[in-house]
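Asks: If it helps, the file is called data.cif and holds mmCIF, C-alpha atoms and all ligand atoms:
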```cif
data_entry
#
loop_
_atom_site.label_atom_id
_atom_site.label_comp_id
_atom_site.auth_asym_id
_atom_site.auth_seq_id
_atom_site.Cartn_x
_atom_site.Cartn_y
_atom_site.Cartn_z
CA MET M 1 25.77 11.20 7.22
CA THR M 2 22.54 9.94 8.77
CA GLU M 3 22.59 7.92 12.00
CA LEU M 4 21.07 5.06 10.06
CA VAL M 5 24.02 4.97 7.61
CA LYS M 6 26.35 4.40 10.57
CA ILE M 7 24.17 1.60 11.91
CA LEU M 8 23.82 -0.09 8.51
CA ARG M 9 27.55 0.27 7.82
CA ARG M 10 28.44 -1.47 11.09
CA GLN M 11 25.93 -4.20 10.30
CA ILE M 12 27.34 -4.77 6.79
CA GLU M 13 30.90 -4.80 8.12
CA ALA M 14 29.91 -7.46 10.65
CA THR M 15 27.70 -9.74 8.55
CA GLY M 16 28.20 -8.80 4.90
CA PRO M 17 25.96 -7.18 2.26
CA MET M 18 22.22 -7.11 3.04
CA THR M 19 19.22 -7.86 0.83
CA LEU M 20 17.17 -5.01 -0.56
CA ALA M 21 14.27 -6.20 1.62
CA ASP M 22 16.32 -5.84 4.81
CA TYR M 23 17.57 -2.46 3.64
CA MET M 24 14.03 -1.26 2.83
CA SER M 25 12.67 -2.47 6.19
CA ALA M 26 15.43 -0.68 8.09
CA CYS M 27 15.03 2.55 6.11
CA LEU M 28 11.26 2.69 6.51
CA LEU M 29 10.65 1.25 9.95
CA HIS M 30 13.83 1.33 12.05
CA PRO M 31 12.43 2.09 15.54
CA THR M 32 14.41 5.30 16.05
CA HIS M 33 15.77 6.30 12.62
CA GLY M 34 13.24 4.89 10.12
CA TYR M 35 11.40 7.06 7.64
CA TYR M 36 7.87 6.36 8.92
CA THR M 37 9.03 6.52 12.53
CA THR M 38 10.68 9.96 12.21
CA GLN M 39 9.37 11.97 9.26
CA ASP M 40 6.17 13.77 8.38
CA ALA M 41 5.91 11.81 5.20
CA LEU M 42 2.52 12.65 3.80
CA GLY M 43 0.83 15.75 2.48
CA VAL M 44 1.72 18.97 0.70
CA ASP M 45 4.58 19.69 3.16
CA GLY M 46 5.73 16.08 3.26
CA ASP M 47 7.36 13.94 0.61
CA PHE M 48 4.35 12.61 -1.23
CA THR M 49 0.58 13.10 -1.41
CA THR M 50 -1.91 10.25 -1.46
CA ALA M 51 -5.46 10.11 -2.82
CA PRO M 52 -7.22 10.71 0.54
CA GLU M 53 -4.94 13.70 1.19
CA ILE M 54 -5.96 15.17 -2.19
CA SER M 55 -9.73 15.14 -1.58
CA GLN M 56 -12.29 13.94 0.93
CA MET M 57 -14.20 12.43 -2.03
CA PHE M 58 -11.80 9.48 -2.17
CA GLY M 59 -12.55 8.29 1.38
CA GLU M 60 -16.26 9.04 1.04
CA LEU M 61 -16.62 6.84 -2.04
CA VAL M 62 -14.48 4.07 -0.52
CA GLY M 63 -16.75 4.27 2.55
CA LEU M 64 -19.88 3.90 0.45
CA CYS M 65 -18.32 0.95 -1.41
CA LEU M 66 -17.57 -0.75 1.93
CA ALA M 67 -21.05 -0.02 3.34
CA GLN M 68 -22.85 -1.19 0.18
CA THR M 69 -20.87 -4.45 0.18
CA TRP M 70 -21.68 -4.92 3.89
CA MET M 71 -25.41 -4.50 3.11
CA ASP M 72 -25.17 -6.80 0.06
CA GLN M 73 -23.70 -9.47 2.37
CA GLY M 74 -26.70 -9.25 4.72
CA ALA M 75 -25.41 -6.50 7.06
CA PRO M 76 -23.58 -8.80 9.53
CA LYS M 77 -24.14 -7.61 13.13
CA ARG M 78 -20.44 -7.64 13.93
CA PHE M 79 -17.49 -7.19 11.61
CA ALA M 80 -13.91 -5.89 11.60
CA LEU M 81 -13.33 -2.69 9.64
CA ILE M 82 -9.60 -2.77 8.91
CA GLU M 83 -7.19 -0.33 7.32
CA LEU M 84 -3.65 -1.36 6.45
CA GLY M 85 -1.10 1.49 6.75
CA PRO M 86 -3.52 4.37 7.50
CA GLY M 87 -0.90 7.17 7.29
CA ARG M 88 -2.38 10.33 8.82
CA GLY M 89 -5.76 8.64 9.27
CA THR M 90 -7.47 10.84 6.69
CA LEU M 91 -8.93 7.98 4.66
CA ILE M 92 -10.43 6.12 7.60
CA ALA M 93 -11.78 9.39 9.08
CA ASP M 94 -13.53 10.15 5.76
CA VAL M 95 -14.85 6.57 5.63
CA MET M 96 -16.32 6.92 9.14
CA ARG M 97 -17.93 10.29 8.35
CA ALA M 98 -19.42 9.06 5.05
CA THR M 99 -20.88 5.92 6.64
CA ALA M 100 -22.28 7.55 9.81
CA GLN M 101 -25.77 7.67 8.27
CA VAL M 102 -25.78 4.00 7.15
CA PRO M 103 -28.14 2.32 9.66
CA GLY M 104 -26.33 -0.21 11.83
CA PHE M 105 -22.94 0.10 10.11
CA HIS M 106 -21.05 1.88 12.90
CA ALA M 107 -22.70 -0.22 15.60
CA ALA M 108 -21.50 -3.40 13.86
CA ALA M 109 -17.99 -2.15 12.99
CA GLU M 110 -14.94 -2.84 15.16
CA LEU M 111 -12.11 -0.64 13.96
CA HIS M 112 -8.66 -2.23 13.52
CA LEU M 113 -5.62 -0.39 12.14
CA VAL M 114 -2.43 -2.16 11.06
CA GLU M 115 0.35 0.36 11.58
CA ALA M 116 4.00 -0.22 12.42
CA SER M 117 4.93 3.38 13.29
CA ASP M 118 4.03 4.90 16.69
CA ARG M 119 4.31 8.35 15.19
CA MET M 120 1.68 7.48 12.57
CA ARG M 121 -0.51 5.84 15.24
CA ALA M 122 -0.63 9.14 17.14
CA LEU M 123 -1.77 11.00 14.00
CA GLN M 124 -4.41 8.34 13.37
CA ALA M 125 -5.76 8.59 16.93
CA ALA M 126 -6.05 12.38 16.54
CA ALA M 127 -7.97 11.97 13.25
CA LEU M 128 -10.50 9.61 14.85
CA PRO M 129 -12.00 11.37 17.89
CA GLY M 130 -14.83 9.33 19.38
CA HIS M 131 -13.74 6.13 17.66
CA HIS M 132 -11.67 3.57 19.50
CA PRO M 133 -9.47 1.68 17.10
CA THR M 134 -7.28 -1.25 18.05
CA TRP M 135 -3.80 -1.04 16.56
CA HIS M 136 -1.79 -3.99 15.27
CA ASP M 137 1.86 -4.32 14.21
CA THR M 138 0.98 -6.92 11.58
CA VAL M 139 -2.07 -8.66 10.08
CA GLU M 140 -1.29 -11.74 12.19
CA THR M 141 -3.09 -10.40 15.26
CA LEU M 142 -6.28 -9.25 13.50
CA PRO M 143 -9.49 -10.77 14.87
CA GLU M 144 -10.59 -14.16 13.59
CA ASN M 145 -14.06 -15.56 13.02
CA VAL M 146 -15.68 -12.28 11.94
CA PRO M 147 -16.25 -10.85 8.45
CA VAL M 148 -13.41 -8.46 7.52
CA PHE M 149 -13.79 -5.31 5.44
CA VAL M 150 -10.32 -4.14 4.53
CA ILE M 151 -8.92 -1.07 2.81
CA ALA M 152 -5.28 -0.62 1.82
CA ASN M 153 -4.26 2.53 -0.05
CA GLU M 154 -0.56 2.86 -0.86
CA PHE M 155 0.30 0.20 1.73
CA PHE M 156 1.62 -2.61 -0.45
CA ASP M 157 4.10 -0.32 -2.28
CA ALA M 158 5.88 0.24 1.06
CA LEU M 159 6.46 -3.47 1.74
CA PRO M 160 10.03 -4.76 1.34
CA ILE M 161 10.98 -6.31 -1.98
CA ARG M 162 13.91 -8.40 -3.17
CA GLN M 163 15.44 -8.05 -6.62
CA PHE M 164 17.13 -10.75 -8.69
CA GLN M 165 19.03 -10.47 -11.93
CA ARG M 166 18.90 -13.43 -14.29
CA ASP M 167 22.26 -15.05 -14.92
CA PRO M 168 23.14 -18.03 -17.14
CA LYS M 169 23.81 -19.99 -13.90
CA GLY M 170 20.68 -18.92 -11.96
CA TRP M 171 20.08 -15.60 -10.25
CA ARG M 172 22.23 -12.87 -8.75
CA GLU M 173 20.47 -11.06 -5.92
CA VAL M 174 20.68 -7.28 -5.66
CA MET M 175 22.46 -6.55 -2.35
CA VAL M 176 23.38 -3.42 -0.45
CA GLY M 177 27.09 -3.32 0.41
CA LEU M 178 29.86 -0.81 1.06
CA ALA M 179 31.92 1.13 -1.50
CA GLU M 180 35.68 1.72 -0.91
CA ASP M 181 34.88 5.07 0.72
CA GLY M 182 32.39 3.48 3.11
CA THR M 183 29.24 4.75 1.43
CA LEU M 184 26.37 2.35 0.76
CA GLN M 185 26.21 0.91 -2.71
CA ARG M 186 24.16 -1.54 -4.72
CA GLY M 187 25.89 -4.76 -5.73
CA LEU M 188 25.09 -8.28 -6.91
CA SER M 189 25.52 -11.61 -5.11
CA ASP M 190 27.19 -14.60 -6.71
CA PRO M 191 24.80 -16.53 -8.96
CA ALA M 192 22.72 -19.18 -7.22
CA PRO M 193 19.55 -21.13 -7.98
CA ILE M 194 16.46 -19.63 -6.30
CA ASP M 195 13.67 -22.19 -5.88
CA ALA M 196 10.89 -19.59 -5.81
CA LEU M 197 12.05 -18.31 -9.22
CA ASN M 198 12.37 -21.65 -11.03
CA LYS M 199 9.28 -20.92 -13.14
CA ARG M 200 10.71 -17.54 -14.13
CA LEU M 201 13.63 -19.31 -15.87
CA GLU M 202 11.16 -20.07 -18.67
CA ASP M 203 10.04 -16.53 -19.46
CA THR M 204 13.14 -14.40 -18.74
CA ASP M 205 16.47 -13.92 -20.52
CA THR M 206 19.95 -13.31 -19.11
CA GLY M 207 20.10 -9.83 -17.60
CA ALA M 208 16.37 -9.59 -16.82
CA LEU M 209 15.53 -8.05 -13.44
CA VAL M 210 12.77 -9.65 -11.37
CA GLU M 211 11.24 -8.34 -8.14
CA THR M 212 9.51 -10.39 -5.45
CA CYS M 213 7.47 -9.24 -2.46
CA ALA M 214 6.91 -12.20 -0.15
CA HIS M 215 5.54 -9.88 2.54
CA GLY M 216 2.75 -8.62 0.24
CA ALA M 217 1.72 -12.14 -0.73
CA ALA M 218 1.66 -13.15 2.96
CA VAL M 219 -0.58 -10.20 3.89
CA VAL M 220 -3.00 -11.05 1.08
CA ASP M 221 -2.96 -14.72 2.09
CA ALA M 222 -3.98 -13.89 5.68
CA ILE M 223 -6.78 -11.52 4.63
CA ALA M 224 -8.08 -13.62 1.76
CA ARG M 225 -8.37 -16.71 3.96
CA GLN M 226 -10.46 -14.73 6.39
CA ILE M 227 -12.71 -13.30 3.63
CA ALA M 228 -13.22 -16.74 2.10
CA ARG M 229 -14.12 -18.23 5.50
CA ASN M 230 -16.13 -15.46 7.18
CA GLY M 231 -17.13 -13.00 4.47
CA GLY M 232 -16.23 -9.39 3.84
CA MET M 233 -13.98 -7.87 1.22
CA ALA M 234 -10.71 -6.05 0.61
CA LEU M 235 -9.93 -3.06 -1.58
CA ILE M 236 -6.28 -2.81 -2.59
CA VAL M 237 -5.42 0.54 -4.20
CA ASP M 238 -1.88 1.24 -5.35
CA TYR M 239 0.39 1.98 -8.25
CA GLY M 240 1.93 -0.91 -10.04
CA GLY M 241 1.37 -3.34 -12.83
CA TRP M 242 0.10 -6.73 -13.78
CA HIS M 243 3.22 -8.88 -13.71
CA SER M 244 5.70 -6.50 -15.32
CA ASP M 245 9.43 -7.04 -14.79
CA GLY M 246 12.13 -4.40 -14.34
CA ASP M 247 13.63 -2.25 -11.59
CA THR M 248 10.82 -0.27 -9.90
CA PHE M 249 12.63 0.45 -6.60
CA GLN M 250 12.46 4.20 -6.01
CA ALA M 251 13.07 6.88 -3.42
CA VAL M 252 11.17 10.15 -3.11
CA ARG M 253 11.97 13.14 -0.94
CA GLY M 254 10.20 16.50 -1.10
CA HIS M 255 8.04 15.27 -4.03
CA ARG M 256 11.24 14.52 -6.07
CA PRO M 257 13.03 11.27 -6.99
CA VAL M 258 16.35 10.81 -5.14
CA ASP M 259 19.07 8.13 -4.93
CA PRO M 260 17.61 5.36 -2.71
CA PHE M 261 21.04 4.66 -1.15
CA ALA M 262 22.10 8.25 -0.44
CA GLU M 263 20.21 9.15 2.75
CA PRO M 264 18.62 6.07 4.31
CA GLY M 265 15.72 6.94 6.62
CA ARG M 266 15.17 10.37 5.06
CA ALA M 267 13.39 9.39 1.84
CA ASP M 268 10.30 7.32 1.15
CA LEU M 269 11.18 4.00 -0.50
CA THR M 270 8.64 2.13 -2.61
CA ALA M 271 8.35 -0.42 -5.38
CA HIS M 272 5.54 -0.99 -7.87
CA VAL M 273 2.97 -3.47 -6.68
CA ASP M 274 2.70 -6.67 -8.72
CA PHE M 275 -1.08 -7.08 -8.71
CA GLU M 276 -0.87 -10.39 -10.53
CA ALA M 277 1.15 -11.86 -7.64
CA LEU M 278 -1.37 -10.53 -5.09
CA ALA M 279 -4.30 -11.88 -7.14
CA ARG M 280 -2.60 -15.29 -7.30
CA ALA M 281 -2.11 -15.33 -3.52
CA ALA M 282 -5.80 -14.46 -3.00
CA LEU M 283 -7.03 -17.17 -5.39
CA ILE M 284 -4.83 -19.80 -3.72
CA ALA M 285 -6.34 -18.75 -0.36
CA GLY M 286 -9.82 -19.43 -1.74
CA CYS M 287 -11.00 -15.88 -2.38
CA ALA M 288 -12.51 -14.42 -5.55
CA VAL M 289 -10.67 -11.55 -7.26
CA SER M 290 -12.32 -8.63 -9.06
CA GLN M 291 -11.27 -7.15 -12.37
CA TYR M 292 -8.05 -5.18 -12.20
CA THR M 293 -9.54 -1.70 -12.49
CA ASN M 294 -8.14 1.79 -13.02
CA GLN M 295 -8.68 4.11 -10.03
CA GLY M 296 -10.36 6.67 -12.33
CA VAL M 297 -12.86 4.10 -13.59
CA PHE M 298 -13.53 2.81 -10.06
CA LEU M 299 -14.24 6.31 -8.73
CA GLU M 300 -16.42 7.29 -11.71
CA ARG M 301 -18.49 4.12 -11.32
CA LEU M 302 -19.03 4.98 -7.65
CA GLY M 303 -20.28 8.45 -8.63
CA ILE M 304 -17.36 10.82 -8.06
CA THR M 305 -18.63 13.27 -10.70
CA PRO M 306 -22.08 13.90 -9.16
CA ARG M 307 -20.40 14.07 -5.73
CA ALA M 308 -17.87 16.60 -7.07
CA GLN M 309 -20.67 18.67 -8.62
CA SER M 310 -22.64 18.70 -5.39
CA LEU M 311 -19.58 19.82 -3.35
CA ALA M 312 -18.75 22.44 -6.01
CA LYS M 313 -22.05 24.24 -5.39
CA ARG M 314 -20.76 25.37 -1.99
CA LEU M 315 -17.38 26.60 -3.24
CA THR M 316 -16.09 29.72 -4.98
CA GLY M 317 -12.78 31.20 -6.12
CA ASP M 318 -9.54 29.37 -5.28
CA ALA M 319 -11.34 26.70 -3.26
CA LEU M 320 -13.48 25.82 -6.28
CA ASP M 321 -10.43 25.71 -8.58
CA ALA M 322 -8.62 23.43 -6.09
CA HIS M 323 -11.66 21.16 -5.87
CA VAL M 324 -11.93 20.84 -9.67
CA ALA M 325 -8.18 20.12 -9.86
CA ALA M 326 -8.47 17.46 -7.13
CA HIS M 327 -11.28 15.68 -9.03
CA ARG M 328 -9.12 15.67 -12.16
CA ARG M 329 -6.04 14.51 -10.25
CA LEU M 330 -7.82 11.49 -8.78
CA THR M 331 -9.53 10.38 -11.99
CA HIS M 332 -7.79 11.64 -15.15
CA PRO M 333 -5.72 9.09 -17.09
CA ASP M 334 -2.82 11.59 -17.30
CA GLU M 335 -2.77 11.91 -13.50
CA MET M 336 -3.60 9.18 -10.93
CA GLY M 337 -6.58 7.82 -12.88
CA SER M 338 -4.82 5.03 -14.71
CA LEU M 339 -1.46 4.89 -12.89
CA PHE M 340 -3.29 3.74 -9.76
CA LYS M 341 -5.16 0.45 -9.83
CA VAL M 342 -7.81 -1.15 -7.67
CA LEU M 343 -8.19 -4.85 -6.97
CA GLY M 344 -11.10 -6.21 -4.92
CA LEU M 345 -11.08 -9.50 -2.98
CA TYR M 346 -14.43 -11.04 -2.04
CA PRO M 347 -16.04 -14.38 -1.25
CA GLY M 348 -16.68 -16.52 -4.34
CA THR M 349 -20.35 -16.82 -3.35
CA GLU M 350 -20.89 -13.05 -3.64
CA SER M 351 -20.74 -10.44 -6.42
CA PRO M 352 -17.71 -8.16 -6.77
CA PRO M 353 -17.87 -4.93 -4.72
CA PRO M 354 -19.51 -1.93 -6.44
CA GLY M 355 -17.16 -0.09 -8.79
CA LEU M 356 -15.26 -3.30 -9.57
CA ASP M 357 -17.97 -5.21 -11.40
CA PRO M 358 -17.55 -5.14 -15.19
N1 LIG E 401 -2.90 4.82 3.43
C1 LIG E 401 -2.37 6.13 3.73
C2 LIG E 401 -0.85 6.16 3.94
C3 LIG E 401 0.08 5.43 3.02
S1 LIG E 401 1.77 5.55 3.53
C4 LIG E 401 -2.81 7.11 2.68
O1 LIG E 401 -3.38 6.70 1.71
O2 LIG E 401 -2.61 8.31 2.88
C5 LIG E 401 2.10 3.93 4.18
C6 LIG E 401 1.59 3.69 5.56
O3 LIG E 401 1.87 2.32 5.91
C7 LIG E 401 2.21 4.50 6.68
O4 LIG E 401 1.23 4.76 7.66
C8 LIG E 401 3.31 3.58 7.22
O5 LIG E 401 3.72 3.89 8.52
C9 LIG E 401 2.62 2.24 7.12
N2 LIG E 401 3.51 1.08 6.96
C10 LIG E 401 4.54 0.96 6.09
N3 LIG E 401 5.09 -0.27 6.15
C11 LIG E 401 4.38 -0.95 7.07
C12 LIG E 401 4.46 -2.29 7.59
N4 LIG E 401 5.37 -3.15 7.14
N5 LIG E 401 3.57 -2.66 8.54
C13 LIG E 401 2.63 -1.79 8.98
N6 LIG E 401 2.52 -0.52 8.54
C14 LIG E 401 3.38 -0.09 7.60
#
```
Spit out the file's structure as structure tokens when you get a sec.
Ligand code: SAH

Replies:
Amino acid sequence: MTELVKILRRQIEATGPMTLADYMSACLLHPTHGYYTTQDALGVDGDFTTAPEISQMFGELVGLCLAQTWMDQGAPKRFALIELGPGRGTLIADVMRATAQVPGFHAAAELHLVEASDRMRALQAAALPGHHPTWHDTVETLPENVPVFVIANEFFDALPIRQFQRDPKGWREVMVGLAEDGTLQRGLSDPAPIDALNKRLEDTDTGALVETCAHGAAVVDAIARQIARNGGMALIVDYGGWHSDGDTFQAVRGHRPVDPFAEPGRADLTAHVDFEALARAALIAGCAVSQYTNQGVFLERLGITPRAQSLAKRLTGDALDAHVAAHRRLTHPDEMGSLFKVLGLYPGTESPPPGLDP
């Protein structure tokens, strides 16, 4: 039994079943027993691999997209370059390397990283020698009154969700409680009306399962307000859908799906990102929203194939095979190419960022 099971069990015994959001937060970010605070999550030896860990090309092209947008917006002399949930720091390190030759870009950029885990912060610091990022626990402390250029890869899928099952009398919330033998188990609350889901009564039937991610909408609201007011842009890259219902809560350990309630704190927990909900939050905050674009299409438009060909010239043997496989993995529709999506946020007075314009 993990230490975290004991803690959660005591908590449930004292105050009753907990929401999925509280369970997810505890599992991922508990200060001493959380997944991101204790495990080497990312990479070939970890539980899952992300696009920047697959190839340097991902961060290079994201960097060029950021730098081109910065130039298109008149190359502001000071701006905040922000990454949300930077993991091992690979993406931001590749962004910094790819943009080093862009005149004025580094001099104007102040680096800000939003990262809840101290363990991850240490990895990020090691990946960024010579740069001096400022770390933040949440988006609430990010600088104000400067343009913000934001990248978030596989950040929103880690934010806590709640799940509700439609009932003739309203909604039953999915809760985490205790089984007879004291193990954690999924259950349902008594039916109750949920104000935030009143509109969903029109387009769902009894039994339908609906997920909400208030945290994700709040993050987008904060960033989109800033972009609308001061300029900049945000690139949100993740797996998910455009407003699709159903249970997408999942746990992964050692690159394999596992029971999300079996070993809290030891597996990565995610849910699909509802891009429609994020787009709605951005529009309400006064920001423009790009087309919802497949990662493969986005990377091809930014020139991943010529970049891959140029890197291939220097490689032979296994390294060349791995490079060709990485290009395919990032872009091919059977791999990450269409499972992962990109959404850009930008000021309504500007054009969409490169790679996201139709
Ligand atoms: N972007 C990276 C890593 C994605 S993993 C990549 O592409 O490789 C998710 C990252 O977000 C981790 O660094 C994790 O510690 C961080 N994170 C998860 N939930 C968070 C939260 N609520 N607030 C801040 N950081 C969070």

Asks: Leaving out Met336 of chain M and any residue of its chain fewer than 4 positions from it, which residues lie within 10 Å of it when counting all atoms listed in the file, given as a compact mmCIF listing (two decimals) with C-alpha atoms, in the frame of the given file?

Replies:
```txt
# COMPACT_ATOMS: atom_id res chain seq x y z
CA THR M 50 -1.91 10.25 -1.46
CA ALA M 51 -5.46 10.11 -2.82
CA ASP M 238 -1.88 1.24 -5.35
CA TYR M 239 0.39 1.98 -8.25
CA ASN M 294 -8.14 1.79 -13.02
CA GLN M 295 -8.68 4.11 -10.03
CA GLY M 296 -10.36 6.67 -12.33
CA ARG M 328 -9.12 15.67 -12.16
CA ARG M 329 -6.04 14.51 -10.25
CA LEU M 330 -7.82 11.49 -8.78
CA THR M 331 -9.53 10.38 -11.99
CA HIS M 332 -7.79 11.64 -15.15
CA PHE M 340 -3.29 3.74 -9.76
CA LYS M 341 -5.16 0.45 -9.83
```

Asks: Got a sec: who's within 8 Å of segment 162-176 of chain M, counting only C-alpha atoms, leaving out chain neighbours fewer than 3 positions off, as a ChimeraX atom specification?

Replies: /M:17-21,23,184-194,204-213,247

Asks: Once you count all atoms listed in the file, which residues end up within 6 Å of ligand LIG 401 (chain E), and could you hand them over as number ranges by chain?

Replies: M: 36, 50, 52, 85-87, 114-117, 120, 137-138, 153-155, 158-159

Asks: Ranking M:Glu53, M:Glu110, M:Glu180, M:Glu60 by minimum distance to Glu83 of chain M and counting only C-alpha atoms, which one comes first?

Replies: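 Nearest to Glu83 of chain M: M:Glu110.
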
Asks: Mind pulling up the distance from atom CA of Gly241 of chain M to atom CA of Pro347 of chain M?

Replies: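 Answer for the atom CA of Pro347 of chain M to atom CA of Gly241 of chain M separation: 23.6 Å.
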
Asks: Between atom CA of Gly337 of chain M and atom CA of Gly303 of chain M, what is the distance in Å, rounded to a tenth?

Replies: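 That distance, rounded to one decimal, is 14.4 Å.
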
Asks: Interatomic distance between atom CA of Ile161 of chain M and atom CA of Met24 of chain M?

Replies: 7.6 Å

Asks: For Arg88 of chain M, which residue out of M:Gly254, M:Pro143, M:Gly63, M:Gly46 is the nearest one, using only C-alpha atoms?

Replies: M:Gly46

Asks: For His255 of chain M, work out the shell of residues within 9 Å, counting only C-alpha atoms and skipping chain neighbours fewer than 4 positions away, then give it as a PDB file with C-alpha atoms, in the frame of the given file.

Replies:
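Below is the file out35.pdb, written as the result:
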```pdb
ATOM      1  CA  VAL M  44       1.720  18.970   0.700  1.00  0.00           C
ATOM      2  CA  GLY M  46       5.730  16.080   3.260  1.00  0.00           C
ATOM      3  CA  ASP M  47       7.360  13.940   0.610  1.00  0.00           C
ATOM      4  CA  PHE M  48       4.350  12.610  -1.230  1.00  0.00           C
ATOM      5  CA  THR M  49       0.580  13.100  -1.410  1.00  0.00           C
TER       6      THR M  49
END
```

Asks: When distances are computed from all atoms listed in the file, which of M:Val5, M:Gly34, M:Ala325, M:Gly348 shows the smallest separation from Leu269 of chain M?

Replies: M:Gly34

Asks: Return the single residue from M:Asp259, M:Asp181, M:Asp72, M:Asp40 that is closest to Arg119 of chain M, with distances computed using all atoms listed in the file.

Replies: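 Closest to Arg119 of chain M of all the choices is M:Asp40.
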
Asks: Take the point (-18.5, 8.4, 20.3) as written in the file and pick out every residue within 12 Å of it, counting all atoms listed in the file; give the list as number ranges by chain.

Replies: M: 96, 100, 106-107, 128-133

Asks: Tell me which of M:Ile227, M:Leu178, M:Ala67, M:Leu111 sits closest to Thr15 of chain M, counting all atoms listed in the file.

Replies: M:Leu178

Asks: When you count only C-alpha atoms, which of these residues is closest to Leu61 of chain M: M:Leu315, M:Leu339, M:Val95, M:Ala285?

Replies: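 Closest to Leu61 of chain M, using only C-alpha atoms: M:Val95.
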
Asks: Counting all atoms listed in the file, select every polymer residue within 8 Å of (14.2, 5.0, 7.1) as defined in the file's coordinates, and provide the selection as a short mmCIF file (atom, residue, chain, number, x, y, z; two decimals) with C-alpha atoms, in the coordinates of the input.

Replies:
```
data_model
loop_
_atom_site.label_atom_id
_atom_site.label_comp_id
_atom_site.auth_asym_id
_atom_site.auth_seq_id
_atom_site.Cartn_x
_atom_site.Cartn_y
_atom_site.Cartn_z
CA LEU M 4 21.07 5.06 10.06
CA MET M 24 14.03 -1.26 2.83
CA SER M 25 12.67 -2.47 6.19
CA ALA M 26 15.43 -0.68 8.09
CA CYS M 27 15.03 2.55 6.11
CA LEU M 28 11.26 2.69 6.51
CA LEU M 29 10.65 1.25 9.95
CA HIS M 30 13.83 1.33 12.05
CA HIS M 33 15.77 6.30 12.62
CA GLY M 34 13.24 4.89 10.12
CA TYR M 35 11.40 7.06 7.64
CA TYR M 36 7.87 6.36 8.92
CA THR M 37 9.03 6.52 12.53
CA THR M 38 10.68 9.96 12.21
CA PRO M 264 18.62 6.07 4.31
CA GLY M 265 15.72 6.94 6.62
CA ARG M 266 15.17 10.37 5.06
CA ALA M 267 13.39 9.39 1.84
CA ASP M 268 10.30 7.32 1.15
#
```

Asks: Could you list, as a list in words, every residue within 6 Å of Asp157 of chain M, counting all atoms listed in the file and ignoring same-chain residues fewer than 3 positions away?

Replies: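 Within the cut-off, the hits are Glu154, Thr270, Ala271, His272 and Val273 of chain M.
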
Asks: Could you please take those selected residues and save C-alpha atoms as a CSV table (one decimal), keeping the file's coordinate frame?

Replies:
```csv
chain,number,residue,atom,x,y,z
M,154,GLU,CA,-0.6,2.9,-0.9
M,270,THR,CA,8.6,2.1,-2.6
M,271,ALA,CA,8.4,-0.4,-5.4
M,272,HIS,CA,5.5,-1.0,-7.9
M,273,VAL,CA,3.0,-3.5,-6.7
```
